[in-house]
Each structure stands twice: as C-alpha cells, then as structure tokens.
file final_36.txt (compact mmCIF, C-alpha atoms)
# COMPACT_ATOMS: atom_id res chain seq x y z
CA MET Z 1 16.63 12.38 48.40
CA ASN Z 2 18.84 9.66 49.93
CA ASP Z 3 20.49 11.23 52.98
CA LYS Z 4 23.23 8.60 53.21
CA ASN Z 5 24.82 9.59 49.92
CA GLN Z 6 24.95 13.31 50.73
CA SER Z 7 27.49 15.41 52.59
CA VAL Z 8 26.89 16.72 56.11
CA ALA Z 9 26.55 20.26 54.76
CA TYR Z 10 24.05 19.20 52.10
CA ARG Z 11 21.81 17.36 54.56
CA GLU Z 12 21.80 20.41 56.86
CA GLU Z 13 20.74 22.65 53.98
CA TYR Z 14 18.18 20.14 52.75
CA HIS Z 15 16.40 19.92 56.13
CA GLU Z 16 16.49 23.71 56.45
CA HIS Z 17 14.38 24.30 53.34
CA HIS Z 18 11.72 21.81 54.38
CA ILE Z 19 10.74 23.15 57.80
CA PRO Z 20 7.00 23.88 57.87
CA MET Z 21 5.71 27.18 59.29
CA SER Z 22 3.58 25.21 61.78
CA ARG Z 23 6.74 24.13 63.64
CA TYR Z 24 7.73 27.75 64.36
CA VAL Z 25 4.21 28.68 65.45
CA ALA Z 26 4.04 25.65 67.77
CA VAL Z 27 7.40 26.56 69.37
CA PHE Z 28 6.31 30.19 69.79
CA VAL Z 29 3.04 29.18 71.51
CA ALA Z 30 4.93 26.70 73.72
CA LEU Z 31 7.36 29.46 74.77
CA LEU Z 32 4.47 31.76 75.74
CA VAL Z 33 2.73 28.99 77.70
CA LEU Z 34 5.97 28.14 79.52
CA THR Z 35 6.52 31.84 80.34
CA ALA Z 36 3.04 31.98 81.90
CA LEU Z 37 3.80 28.74 83.76
CA THR Z 38 7.09 30.01 85.21
CA VAL Z 39 5.46 33.26 86.39
CA TRP Z 40 2.59 31.28 87.92
CA THR Z 41 4.82 28.74 89.74
CA GLY Z 42 7.28 31.50 90.67
CA THR Z 43 4.61 33.41 92.62
CA MET Z 44 3.15 30.38 94.42
CA GLU Z 45 5.70 30.40 97.31
CA LEU Z 46 6.77 26.80 96.73
CA GLY Z 47 9.84 27.07 98.97
CA ALA Z 48 12.69 24.68 98.16
CA ALA Z 49 10.94 23.32 95.06
CA SER Z 50 10.70 26.71 93.34
CA LEU Z 51 14.34 26.88 92.13
CA PRO Z 52 14.37 23.40 90.49
CA ILE Z 53 10.97 24.12 88.88
CA ALA Z 54 12.16 27.50 87.53
CA LEU Z 55 15.36 25.91 86.17
CA VAL Z 56 13.50 23.02 84.49
CA ILE Z 57 11.09 25.45 82.78
CA ALA Z 58 13.93 27.79 81.71
CA THR Z 59 15.96 24.86 80.35
CA THR Z 60 12.94 23.59 78.40
CA LYS Z 61 12.41 27.07 76.90
CA GLY Z 62 16.12 27.38 76.14
CA LEU Z 63 16.12 24.00 74.38
CA LEU Z 64 13.10 24.99 72.27
CA VAL Z 65 14.84 28.22 71.18
CA ALA Z 66 18.16 26.49 70.46
CA LEU Z 67 16.71 23.42 68.71
CA TYR Z 68 14.04 25.05 66.54
CA PHE Z 69 14.69 28.81 66.30
CA MET Z 70 18.47 28.38 66.02
CA HIS Z 71 17.99 25.19 63.96
CA LEU Z 72 20.16 23.06 66.21
CA ALA Z 73 17.73 20.17 65.60
CA ASP Z 74 18.74 20.13 61.91
CA ALA Z 75 22.43 20.88 62.45
CA GLU Z 76 25.06 18.40 61.35
CA GLY Z 77 28.66 17.87 62.38
CA MET Z 78 30.47 19.89 65.02
CA SER Z 79 27.77 22.61 65.13
CA ARG Z 80 25.67 20.23 67.24
CA VAL Z 81 28.05 20.17 70.21
CA THR Z 82 29.51 23.70 70.63
CA LEU Z 83 26.60 25.12 72.64
CA GLY Z 84 26.30 22.01 74.79
CA ILE Z 85 30.03 22.01 75.61
CA SER Z 86 30.05 25.66 76.75
CA VAL Z 87 26.88 25.16 78.84
CA PHE Z 88 28.47 22.03 80.36
CA PHE Z 89 31.51 23.99 81.52
CA VAL Z 90 29.36 26.79 82.99
CA VAL Z 91 27.38 24.17 84.97
CA LEU Z 92 30.65 22.52 86.05
CA ILE Z 93 32.18 25.74 87.43
CA ILE Z 94 28.93 26.61 89.25
CA MET Z 95 28.93 23.17 90.92
CA PHE Z 96 32.58 23.46 92.03
CA VAL Z 97 32.10 27.01 93.35
CA LEU Z 98 29.05 25.92 95.38
CA ALA Z 99 30.87 22.81 96.68
CA ASP Z 100 33.76 25.03 97.78
CA VAL Z 101 31.70 27.69 99.54
CA ASN Z 102 29.33 25.24 101.25
CA THR Z 103 32.22 23.29 102.83
CA ARG Z 104 34.34 26.23 104.04
CA PHE Z 105 35.29 27.04 107.63
CA GLN Z 106 32.39 29.13 108.95
CA ASN Z 107 34.39 32.26 109.79
CA ALA Z 108 35.86 32.37 106.29
CA LEU Z 109 32.41 33.41 105.04
CA PRO Z 110 30.90 36.89 105.34
CA GLU Z 111 29.13 37.52 108.64
CA GLY Z 112 25.39 37.75 108.27
CA SER Z 113 25.27 35.22 105.43
CA ARG Z 114 23.37 31.93 105.59
CA LEU Z 115 26.58 29.99 106.32
CA ASN Z 116 27.86 32.44 108.97
CA PRO Z 117 24.85 34.02 110.70
CA VAL Z 118 25.24 36.87 113.15
CA PRO Z 119 25.25 35.34 116.69
CA ALA Z 120 22.01 36.02 118.60
CA GLN Z 121 23.44 36.89 122.04
CA THR Z 122 27.10 36.25 122.87
CA SER Z 123 30.09 35.57 120.62
CA ASN Z 124 30.42 32.10 122.27
CA ALA Z 125 27.14 30.99 120.74
CA ALA Z 126 28.87 29.48 117.66
CA PRO Z 127 27.95 25.80 117.09
CA ALA Z 128 30.53 23.31 118.37
CA ASP Z 129 30.99 21.49 115.04
CA ALA Z 130 31.89 24.67 113.17
CA ALA Z 131 34.75 25.61 115.54
CA PRO Z 132 36.60 22.50 116.73
CA ALA Z 133 38.48 22.77 120.04
CA GLY Z 134 42.18 23.54 119.82
CA ASN Z 135 41.93 25.01 116.34
CA MET E 1 36.58 20.04 39.40
CA SER E 2 34.37 18.55 42.09
CA ALA E 3 32.12 21.61 41.99
CA GLU E 4 30.68 20.23 38.75
CA ALA E 5 28.79 17.63 40.80
CA HIS E 6 26.77 20.50 42.31
CA GLY E 7 26.54 22.57 39.16
CA HIS E 8 23.55 24.64 40.31
CA ALA E 9 25.43 25.92 43.37
CA ALA E 10 28.77 26.48 41.67
CA HIS E 11 27.29 29.40 39.73
CA ASN E 12 26.11 31.23 42.83
CA PRO E 13 28.00 34.57 42.81
CA HIS E 14 28.13 34.51 46.63
CA LEU E 15 30.15 31.26 46.70
CA ALA E 16 33.72 31.98 47.84
CA HIS E 17 36.31 30.17 45.72
CA HIS E 18 37.73 28.23 48.67
CA PHE E 19 34.45 26.39 49.24
CA GLY E 20 33.33 23.51 47.06
CA THR E 21 29.61 24.15 47.36
CA MET E 22 27.15 26.70 48.74
CA GLU E 23 26.00 24.15 51.33
CA GLN E 24 29.57 23.71 52.57
CA GLN E 25 30.01 27.48 52.81
CA ASN E 26 26.77 27.88 54.81
CA HIS E 27 27.76 25.03 57.09
CA ALA E 28 31.16 26.64 57.79
CA ALA E 29 29.55 30.05 58.44
CA ARG E 30 27.12 28.52 60.88
CA LEU E 31 29.83 26.53 62.68
CA GLY E 32 31.83 29.76 63.12
CA MET E 33 28.75 31.48 64.55
CA TRP E 34 28.15 28.59 66.97
CA LEU E 35 31.74 28.91 68.20
CA PHE E 36 31.24 32.64 68.79
CA LEU E 37 27.96 31.98 70.63
CA ALA E 38 29.76 29.39 72.79
CA THR E 39 32.10 32.18 73.98
CA GLU E 40 29.05 34.38 74.65
CA VAL E 41 27.61 31.66 76.90
CA LEU E 42 30.92 31.59 78.80
CA LEU E 43 30.88 35.41 79.11
CA PHE E 44 27.42 35.36 80.73
CA GLY E 45 28.46 32.17 82.56
CA GLY E 46 30.83 34.18 84.75
CA LEU E 47 27.91 36.29 85.99
CA PHE E 48 25.77 33.18 86.51
CA VAL E 49 28.58 31.77 88.70
CA GLY E 50 28.65 34.96 90.81
CA TYR E 51 24.87 34.87 91.05
CA SER E 52 24.83 31.22 92.21
CA LEU E 53 27.53 31.93 94.80
CA TYR E 54 25.79 34.91 96.38
CA ARG E 55 22.25 33.57 96.16
CA ASN E 56 23.59 30.46 97.92
CA ILE E 57 24.94 32.42 100.90
CA TYR E 58 22.28 35.19 101.00
CA PRO E 59 19.00 33.36 100.18
CA GLU E 60 16.73 35.62 102.26
CA ALA E 61 18.28 38.85 100.98
CA PHE E 62 17.95 37.67 97.37
CA ALA E 63 14.31 36.71 97.87
CA ALA E 64 13.51 40.04 99.56
CA ALA E 65 15.44 42.08 96.95
CA SER E 66 13.78 40.18 94.10
CA ASP E 67 10.39 41.09 95.58
CA THR E 68 11.15 44.79 95.00
CA LEU E 69 11.29 44.23 91.21
CA ASP E 70 8.23 44.84 89.02
CA LEU E 71 7.24 41.33 87.91
CA THR E 72 4.68 42.69 85.43
CA LEU E 73 7.31 44.71 83.55
CA GLY E 74 9.70 41.72 83.63
CA THR E 75 7.03 39.41 82.20
CA ILE E 76 6.10 41.94 79.50
CA ASN E 77 9.77 42.14 78.49
CA THR E 78 10.03 38.34 78.36
CA VAL E 79 7.03 38.16 76.03
CA ILE E 80 8.42 41.01 73.88
CA LEU E 81 11.76 39.23 73.49
CA ILE E 82 10.21 35.83 72.69
CA THR E 83 7.92 37.45 70.11
CA SER E 84 10.87 39.26 68.50
CA SER E 85 12.71 35.93 68.28
CA PHE E 86 9.64 34.50 66.55
CA THR E 87 9.52 37.33 63.97
CA VAL E 88 13.25 36.86 63.29
CA VAL E 89 12.76 33.17 62.63
CA LEU E 90 9.81 34.04 60.35
CA ALA E 91 12.08 36.42 58.40
CA HIS E 92 14.47 33.48 57.93
CA TYR E 93 11.53 31.32 56.80
CA TYR E 94 10.27 33.84 54.25
CA ILE E 95 13.68 34.67 52.79
CA ASN E 96 14.00 30.96 52.04
CA LYS E 97 10.73 31.35 50.10
CA ASP E 98 12.24 34.36 48.26
CA ARG E 99 9.80 36.79 49.93
CA SER E 100 12.44 39.42 50.69
CA LYS E 101 10.03 42.35 51.27
CA LEU E 102 8.11 40.45 53.96
CA ALA E 103 11.37 39.16 55.49
CA GLY E 104 12.78 42.69 55.69
CA ILE E 105 9.64 44.05 57.34
CA LEU E 106 9.70 41.20 59.89
CA LEU E 107 13.32 42.02 60.75
CA LEU E 108 12.47 45.70 61.30
CA VAL E 109 9.43 44.70 63.41
CA SER E 110 11.88 42.69 65.54
CA VAL E 111 14.02 45.84 65.89
CA ALA E 112 10.95 47.79 67.06
CA MET E 113 10.29 45.14 69.73
CA ALA E 114 13.95 45.25 70.81
CA ILE E 115 13.64 49.03 71.28
CA ALA E 116 10.42 48.48 73.27
CA PHE E 117 12.35 46.05 75.48
CA LEU E 118 14.96 48.72 76.21
CA GLY E 119 12.17 51.25 76.87
CA VAL E 120 10.67 49.01 79.56
CA LYS E 121 14.18 48.44 80.93
CA TYR E 122 14.65 52.23 81.14
CA PHE E 123 11.57 52.60 83.39
CA GLU E 124 12.79 49.75 85.59
CA TYR E 125 16.27 51.28 85.93
CA ALA E 126 14.84 54.77 86.57
CA HIS E 127 12.72 53.40 89.42
CA LYS E 128 15.81 51.76 90.97
CA PHE E 129 17.73 55.05 90.86
CA GLU E 130 14.74 56.67 92.54
CA VAL E 131 14.47 54.24 95.48
CA GLY E 132 18.22 53.69 95.76
CA SER E 133 18.31 49.95 95.03
CA LEU E 134 21.74 50.30 93.42
CA PRO E 135 25.02 48.32 93.58
CA GLY E 136 27.63 48.61 96.32
CA LYS E 137 28.04 51.90 98.18
CA TYR E 138 25.26 53.54 96.14
CA TYR E 139 22.71 51.24 97.79
CA THR E 140 20.43 53.49 99.85
CA MET E 141 17.12 51.61 100.04
CA LYS E 142 15.95 52.03 103.64
CA GLU E 143 13.18 49.38 103.54
CA LEU E 144 15.68 46.60 102.87
CA GLN E 145 18.77 46.80 105.07
CA ILE E 146 20.07 43.22 105.34
CA PRO E 147 23.45 41.77 104.31
CA GLY E 148 23.48 40.66 100.66
CA ALA E 149 20.73 42.99 99.38
CA SER E 150 23.13 45.38 97.66
CA MET E 151 24.98 42.35 96.20
CA TYR E 152 21.73 41.24 94.58
CA PHE E 153 21.46 44.63 92.86
CA SER E 154 25.12 44.54 91.77
CA LEU E 155 24.37 41.25 90.02
CA TYR E 156 21.03 42.56 88.75
CA PHE E 157 22.66 45.55 87.07
CA LEU E 158 25.61 43.54 85.72
CA MET E 159 23.41 40.79 84.26
CA THR E 160 20.66 42.99 82.83
CA GLY E 161 23.27 45.59 81.77
CA LEU E 162 25.40 43.13 79.83
CA HIS E 163 22.20 41.70 78.35
CA ALA E 164 20.92 45.20 77.40
CA PHE E 165 24.28 45.87 75.71
CA HIS E 166 23.70 42.73 73.63
CA VAL E 167 20.18 43.96 72.81
CA ILE E 168 21.72 47.24 71.52
CA VAL E 169 24.21 45.30 69.38
CA GLY E 170 21.31 43.13 68.16
CA ILE E 171 19.31 46.25 67.20
CA CYS E 172 22.27 47.49 65.10
CA VAL E 173 22.78 44.10 63.43
CA LEU E 174 19.07 43.49 62.69
CA THR E 175 18.54 47.06 61.38
CA TRP E 176 21.51 46.71 59.00
CA ILE E 177 20.38 43.27 57.82
CA GLY E 178 16.72 44.34 57.63
CA ILE E 179 17.55 47.29 55.35
CA ARG E 180 19.72 45.11 53.14
CA THR E 181 16.88 42.57 52.95
CA LEU E 182 14.40 45.28 51.89
CA ARG E 183 16.88 46.33 49.20
CA GLY E 184 16.64 42.80 47.85
CA GLU E 185 20.23 41.79 48.59
CA PHE E 186 19.23 38.40 49.98
CA SER E 187 17.29 35.46 48.59
CA ALA E 188 16.67 31.76 49.12
CA ALA E 189 20.01 31.18 47.39
CA TYR E 190 21.99 33.48 49.67
CA ASN E 191 20.89 34.68 53.15
CA THR E 192 23.82 33.93 55.46
CA PRO E 193 23.65 37.37 57.22
CA ILE E 194 19.96 36.81 58.10
CA ASP E 195 20.78 33.31 59.29
CA LEU E 196 23.73 34.35 61.52
CA GLY E 197 22.21 37.65 62.71
CA GLY E 198 19.10 35.66 63.65
CA MET E 199 21.20 33.18 65.65
CA TYR E 200 22.71 36.10 67.59
CA TRP E 201 19.27 37.46 68.38
CA HIS E 202 18.01 34.05 69.51
CA LEU E 203 20.96 33.80 71.91
CA VAL E 204 20.04 37.19 73.40
CA ASP E 205 16.54 35.75 73.90
CA LEU E 206 17.97 32.54 75.37
CA ILE E 207 20.09 34.41 77.94
CA TRP E 208 17.03 36.40 79.03
CA ILE E 209 14.98 33.20 79.38
CA PHE E 210 17.42 32.19 82.15
CA ALA E 211 18.00 35.66 83.64
CA PHE E 212 14.26 36.37 84.03
CA PRO E 213 13.36 33.65 86.59
CA MET E 214 16.76 34.05 88.30
CA LEU E 215 16.20 37.76 88.97
CA TYR E 216 12.40 38.21 89.14
CA LEU E 217 11.11 34.93 90.54
CA ILE E 218 12.92 34.17 93.80
CA ASP E 219 10.73 32.91 96.62

call {"tool": "encode", "arguments": {"input": "final_36.txt", "output": "structure tokens"}}
result
Amino acid sequence: MNDKNQSVAYREEYHEHHIPMSRYVAVFVALLVLTALTVWTGTMELGAASLPIALVIATTKGLLVALYFMHLADAEGMSRVTLGISVFFVVLIIMFVLADVNTRFQNALPEGSRLNPVPAQTSNAAPADAAPAGN
Amino acid sequence: MSAEAHGHAAHNPHLAHHFGTMEQQNHAARLGMWLFLATEVLLFGGLFVGYSLYRNIYPEAFAAASDTLDLTLGTINTVILITSSFTVVLAHYYINKDRSKLAGILLLVSVAMAIAFLGVKYFEYAHKFEVGSLPGKYYTMKELQIPGASMYFSLYFLMTGLHAFHVIVGICVLTWIGIRTLRGEFSAAYNTPIDLGGMYWHLVDLIWIFAFPMLYLID
C-alpha cells in the first residue's frame, strides 16, 4: 500500500493492524528489566547521581509505554504532540518553581529546611552572604 | 459521496454519519482521548511540582521518610501494573484478530491485577496508620521527627491516593468493556472502547512508573 496517497487516518489504521505480537512482548520484557534496574540502582546509595539515573530509567519506561502500548509510534497528525506538550509544561513549571525557591532570601524559607538550616549555636551564626548588612 | 471511495468502511454500522470513513472516526476518537490524557498529566503535574519543591528543600527528610516504605511491596505493585498494561495491549491485539473471547478474558485478567494492586496498597496504607506516618497534624511517628517528614507523607498520600482513585476508575472501565467484549460487541472492525479504555489504563501505568522511584527510591 502506497502511504503517500492515503489519508493520515488511514495510515494510522493501516500500521495498527500490522503490529506483530513480538513487539509487545519485547516492550513488556524491557519494562520488567528496567524496573529491576531502577530498584537495583535505587538501593545502591549513589548519592547525587541517583535522582538523574532514576529519572532517565522512568522516562525510558514511560516512552516505551506511550510509544508502543499506547501506539504513539504509529500515531499520525495532532495525536503525536498532545502528550509531549503537556509533559513539556509540567517540566517547565517544575523548573521555574525550583529556580524561584533556590534563589530566595534565606529567611523566607521554612526553618530547618536545606536552604534555611537551624543555627547550631547562636542566632548570629547566619552566613554573611545570606543576610547583607543594612538590609 | 466521497464515502464510496472507501466502500468497505461505509457499510460499518458503527460509522457515525458525520465521519467520512471508519479510519477518520477512529483517528478523531483517539485524538480526543489524547487531549483528555494531556489534562490528566497536568492534574498529576501539580502534585509532581509540589513534590519537587519539598524534596528540594527537605532532601534528608525525604530520604529518611522514603526508607520507611516497604520497597518489596512497591516493586510488586510496579510489576503487577506493568503486567496488567501488557494484558490490556494483548486484548487490543486479539480483538484486531477478531478473537473477542480471548480479548475479553485478557481484559478481566487485567481487572484482577488492578484489584491486586489495590490490595497491596491497602496493606501499605494500613501499616502507615499503625505507625502514624500520616500527613500534617496526624503525623505521630516517633522514630522520624525532623522537619519535612510529615510533608513527605502528605505528598505520598496525595500522589498514591489520586493514582489509586484512577485505578478504581480503570477497574470500572475495564470491567464494563471486558464484559461487552465477552458478549461479542466488539470486533476487528469496531473496537474503539477497548482502544480508548486501554489508553486510559496505560496512562495509569505511566503515572505509577514515575511515582514509584520518586516515592520509594530516594537515597
């Protein structure tokens, strides 16, 4: 069948009916292997590297589910971009929220948090750069 | 009429009169489902934002609170959910081969796994009520008294709770579709409910794929 002469909807439907069972089995096995991998790396105490590793594995698993189980790989037209656009905006708001909180005046953050730790001895122990003189 | 060009589809009794072909109708149905799922991502996105904010300012509390979860139960639930997604996609595969009995059974097997997921979740929740690792002022866990620990459990219950609510909705949808499939209402020519119900279930799986490492695997 010549894809060029067919409508977007027809091509989508055509691909759909020609997906071999082996593709689903391969994706399923890959998802199980990646689950084992994320549990393994998650319990290795990798420190700062553990979050990026967990996110990369989760994103890979998410892509496998979306592309092959939800048939995004065979989608045509606007269906291809809706999920990506909503994920993009979630990532965007997370980045702006983190940029905001990490650059705030220290005392504007809850005491006892990473960015405003409880002073060890006296209340004058605050670092000089966080509380400029004359402020 | 242009429908004559696709004569085989024009006679499908499930084709609504405002669509030219069955393919066009399926494409429109799927696009509508994708738009709905986009709003679902934004709904969970709000909780992911709150999680990022508080994990960022309370890293030690989140790591310590995460350690109190049962990783084995969390991993079992992840495998259950991924397997149920697989059986749903197999149902979709077999209905396209006109094997409606097998497709229906696979959908109901998926429902059984979804119920098992909630069962495991029940034991996890019950344990948290027992030790007092609960949100806000109900937090009474003596072993972990550092700022941010109760916030972790607020987010834990909101994220897993909203997800569990989606699992319950998914159970209702898949049971309804599974029974209709067993009755022989769907075929290779018409299976939009299986297609769209399956997409919903895969999204529930997808959300959990992210929630699992975020809640259970913090160093």

call {"tool": "closest_atom_pairs", "arguments": {"input": "final_36.txt", "of": "region 147-202 of chain E", "to": "region 115-118 of chain E", "cutoff": "9 Å", "atoms": "only C-alpha atoms", "output": "tab-separated table"}}
result
residue	atom	partner	partner_atom	distance
E:Ala164	CA	E:Leu118	CA	7.0
E:Val167	CA	E:Leu118	CA	7.8
E:Ile168	CA	E:Ile115	CA	8.3
E:Ile171	CA	E:Ile115	CA	7.5

call {"tool": "closest_residue", "arguments": {"input": "final_36.txt", "among": "Z:Val101, Z:Leu32, Z:Ala49, Z:Ala9", "to": "Val65 (chain Z)", "atoms": "only C-alpha atoms"}}
result
Z:Leu32

call {"tool": "atom_distance", "arguments": {"input": "final_36.txt", "atom1": "CA of Leu55 (chain Z)", "atom2": "CA of Thr38 (chain Z)"}}
result
9.3 Å

call {"tool": "closest_residue", "arguments": {"input": "final_36.txt", "among": "E:Gly161, E:Gly148, E:Gly132, E:Gly178", "to": "Ala211 (chain E)", "atoms": "only C-alpha atoms"}}
result
E:Gly161

call {"tool": "residues_around", "arguments": {"input": "final_36.txt", "residues": "region 59-64 of chain Z", "least_positions_apart": "6", "cutoff": "8 Å", "atoms": "all atoms listed in the file", "output": "list in words"}}
result
Val27, Leu31 and Leu34 of chain Z; Leu206, Ile209 and Phe210 of chain E

call {"tool": "axis_aligned_box", "arguments": {"input": "final_36.txt", "around": "region 99-113 of chain E", "padding_each_side": "6 Å", "output": "lines of an AutoDock Vina configuration file"}}
result
center_x = 11.1
center_y = 42.3
center_z = 59.8
size_x = 17.9
size_y = 23.0
size_z = 31.8

call {"tool": "closest_atom_pairs", "arguments": {"input": "final_36.txt", "of": "chain E", "to": "chain Z", "cutoff": "8 Å", "atoms": "only C-alpha atoms", "output": "Markdown table"}}
result
| residue | atom | partner | partner_atom | distance |
| --- | --- | --- | --- | --- |
| E:Glu23 | CA | Z:Ala9 | CA | 5.2 |
| E:Gln24 | CA | Z:Ala9 | CA | 5.1 |
| E:Asn26 | CA | Z:Ala9 | CA | 7.6 |
| E:His27 | CA | Z:Ala9 | CA | 5.4 |
| E:Arg30 | CA | Z:Ser79 | CA | 7.3 |
| E:Leu31 | CA | Z:Ser79 | CA | 5.1 |
| E:Trp34 | CA | Z:Thr82 | CA | 6.3 |
| E:Leu35 | CA | Z:Thr82 | CA | 6.2 |
| E:Leu37 | CA | Z:Leu83 | CA | 7.3 |
| E:Ala38 | CA | Z:Leu83 | CA | 5.3 |
| E:Thr39 | CA | Z:Ser86 | CA | 7.4 |
| E:Val41 | CA | Z:Ser86 | CA | 6.5 |
| E:Leu42 | CA | Z:Ser86 | CA | 6.3 |
| E:Gly45 | CA | Z:Val90 | CA | 5.5 |
| E:Gly46 | CA | Z:Val90 | CA | 7.7 |
| E:Phe48 | CA | Z:Ile94 | CA | 7.8 |
| E:Val49 | CA | Z:Ile94 | CA | 5.2 |
| E:Ser52 | CA | Z:Ile94 | CA | 6.8 |
| E:Leu53 | CA | Z:Leu98 | CA | 6.2 |
| E:Asn56 | CA | Z:Leu98 | CA | 7.5 |
| E:Ile57 | CA | Z:Arg114 | CA | 5.0 |
| E:Tyr58 | CA | Z:Ser113 | CA | 5.3 |
| E:Pro59 | CA | Z:Arg114 | CA | 7.1 |
| E:Thr75 | CA | Z:Val39 | CA | 7.6 |
| E:Thr78 | CA | Z:Thr35 | CA | 7.6 |
| E:Val79 | CA | Z:Leu32 | CA | 6.9 |
| E:Ile82 | CA | Z:Leu31 | CA | 7.3 |
| E:Thr83 | CA | Z:Phe28 | CA | 7.4 |
| E:Ser85 | CA | Z:Phe69 | CA | 7.7 |
| E:Phe86 | CA | Z:Phe28 | CA | 6.3 |
| E:Val89 | CA | Z:Phe69 | CA | 6.0 |
| E:Leu90 | CA | Z:Tyr24 | CA | 7.7 |
| E:Tyr93 | CA | Z:Met21 | CA | 7.6 |
| E:Asn96 | CA | Z:His17 | CA | 6.8 |
| E:Pro147 | CA | Z:Gly112 | CA | 6.0 |
| E:Gly148 | CA | Z:Ser113 | CA | 7.5 |
| E:Gly198 | CA | Z:Met70 | CA | 7.7 |
| E:Met199 | CA | Z:Met70 | CA | 5.5 |
| E:His202 | CA | Z:Met70 | CA | 6.7 |
| E:Leu203 | CA | Z:Ala66 | CA | 8.0 |
| E:Leu206 | CA | Z:Gly62 | CA | 5.5 |
| E:Ile209 | CA | Z:Ala58 | CA | 6.0 |
| E:Phe210 | CA | Z:Ala58 | CA | 5.6 |
| E:Pro213 | CA | Z:Ala54 | CA | 6.3 |
| E:Leu217 | CA | Z:Gly42 | CA | 5.1 |
| E:Ile218 | CA | Z:Gly42 | CA | 7.0 |
| E:Asp219 | CA | Z:Glu45 | CA | 5.7 |

call {"tool": "atom_distance", "arguments": {"input": "final_36.txt", "atom1": "CA of Glu185 (chain E)", "atom2": "CA of Leu106 (chain E)"}}
result
15.5 Å

call {"tool": "residues_near_point", "arguments": {"input": "final_36.txt", "point": "(27.3, 42.3, 97.5)", "cutoff": "10 Å", "atoms": "all atoms listed in the file", "output": "list in words"}}
result
Tyr54, Tyr58, Pro135, Gly136, Lys137, Pro147, Gly148, Ala149, Ser150, Met151, Tyr152, Phe153, Ser154 and Leu155 of chain E

call {"tool": "atom_distance", "arguments": {"input": "final_36.txt", "atom1": "CA of Ile53 (chain Z)", "atom2": "CA of Phe62 (chain E)"}}
result
17.4 Å

call {"tool": "closest_residue", "arguments": {"input": "final_36.txt", "among": "E:Glu130, E:Ala65, E:Val120, E:Asn77", "to": "Phe212 (chain E)", "atoms": "all atoms listed in the file"}}
result
E:Asn77

call {"tool": "build_atoms", "arguments": {"input": "final_36.txt", "residues": "region 90-96 of chain Z", "atoms": "all heavy atoms", "output": "mmCIF file, in the coordinates of the input"}}
result
data_model
loop_
_atom_site.group_PDB
_atom_site.id
_atom_site.type_symbol
_atom_site.label_atom_id
_atom_site.label_comp_id
_atom_site.auth_asym_id
_atom_site.auth_seq_id
_atom_site.Cartn_x
_atom_site.Cartn_y
_atom_site.Cartn_z
ATOM 1 N N VAL Z 90 29.959 25.807 82.067
ATOM 2 C CA VAL Z 90 29.360 26.790 82.990
ATOM 3 C C VAL Z 90 28.736 26.052 84.169
ATOM 4 O O VAL Z 90 28.940 26.421 85.332
ATOM 5 C CB VAL Z 90 28.313 27.663 82.257
ATOM 6 C CG1 VAL Z 90 27.518 28.493 83.265
ATOM 7 C CG2 VAL Z 90 29.000 28.581 81.246
ATOM 8 N N VAL Z 91 27.998 24.959 83.897
ATOM 9 C CA VAL Z 91 27.380 24.170 84.970
ATOM 10 C C VAL Z 91 28.466 23.593 85.884
ATOM 11 O O VAL Z 91 28.348 23.607 87.112
ATOM 12 C CB VAL Z 91 26.495 23.050 84.384
ATOM 13 C CG1 VAL Z 91 26.016 22.097 85.479
ATOM 14 C CG2 VAL Z 91 25.306 23.658 83.654
ATOM 15 N N LEU Z 92 29.547 23.116 85.281
ATOM 16 C CA LEU Z 92 30.650 22.520 86.050
ATOM 17 C C LEU Z 92 31.251 23.535 87.021
ATOM 18 O O LEU Z 92 31.438 23.242 88.205
ATOM 19 C CB LEU Z 92 31.732 22.034 85.068
ATOM 20 C CG LEU Z 92 32.749 21.033 85.606
ATOM 21 C CD1 LEU Z 92 32.064 19.716 85.952
ATOM 22 C CD2 LEU Z 92 33.850 20.796 84.572
ATOM 23 N N ILE Z 93 31.539 24.753 86.542
ATOM 24 C CA ILE Z 93 32.180 25.740 87.430
ATOM 25 C C ILE Z 93 31.207 26.167 88.522
ATOM 26 O O ILE Z 93 31.611 26.378 89.668
ATOM 27 C CB ILE Z 93 32.759 26.948 86.640
ATOM 28 C CG1 ILE Z 93 33.678 27.748 87.581
ATOM 29 C CG2 ILE Z 93 31.684 27.825 86.067
ATOM 30 C CD1 ILE Z 93 34.428 28.862 86.893
ATOM 31 N N ILE Z 94 29.904 26.252 88.215
ATOM 32 C CA ILE Z 94 28.930 26.610 89.250
ATOM 33 C C ILE Z 94 28.926 25.532 90.340
ATOM 34 O O ILE Z 94 28.953 25.826 91.538
ATOM 35 C CB ILE Z 94 27.519 26.781 88.641
ATOM 36 C CG1 ILE Z 94 27.462 28.067 87.814
ATOM 37 C CG2 ILE Z 94 26.447 26.809 89.737
ATOM 38 C CD1 ILE Z 94 26.168 28.290 87.064
ATOM 39 N N MET Z 95 28.955 24.255 89.938
ATOM 40 C CA MET Z 95 28.930 23.170 90.920
ATOM 41 C C MET Z 95 30.175 23.197 91.810
ATOM 42 O O MET Z 95 30.091 22.997 93.021
ATOM 43 C CB MET Z 95 28.810 21.823 90.208
ATOM 44 C CG MET Z 95 27.390 21.540 89.740
ATOM 45 S SD MET Z 95 27.267 20.195 88.556
ATOM 46 C CE MET Z 95 28.026 18.867 89.464
ATOM 47 N N PHE Z 96 31.351 23.444 91.222
ATOM 48 C CA PHE Z 96 32.580 23.460 92.030
ATOM 49 C C PHE Z 96 32.612 24.670 92.967
ATOM 50 O O PHE Z 96 33.064 24.569 94.106
ATOM 51 C CB PHE Z 96 33.819 23.443 91.127
ATOM 52 C CG PHE Z 96 34.197 22.043 90.721
ATOM 53 C CD1 PHE Z 96 33.996 21.612 89.421
ATOM 54 C CD2 PHE Z 96 34.725 21.163 91.654
ATOM 55 C CE1 PHE Z 96 34.324 20.317 89.055
ATOM 56 C CE2 PHE Z 96 35.060 19.863 91.290
ATOM 57 C CZ PHE Z 96 34.853 19.436 89.989
#
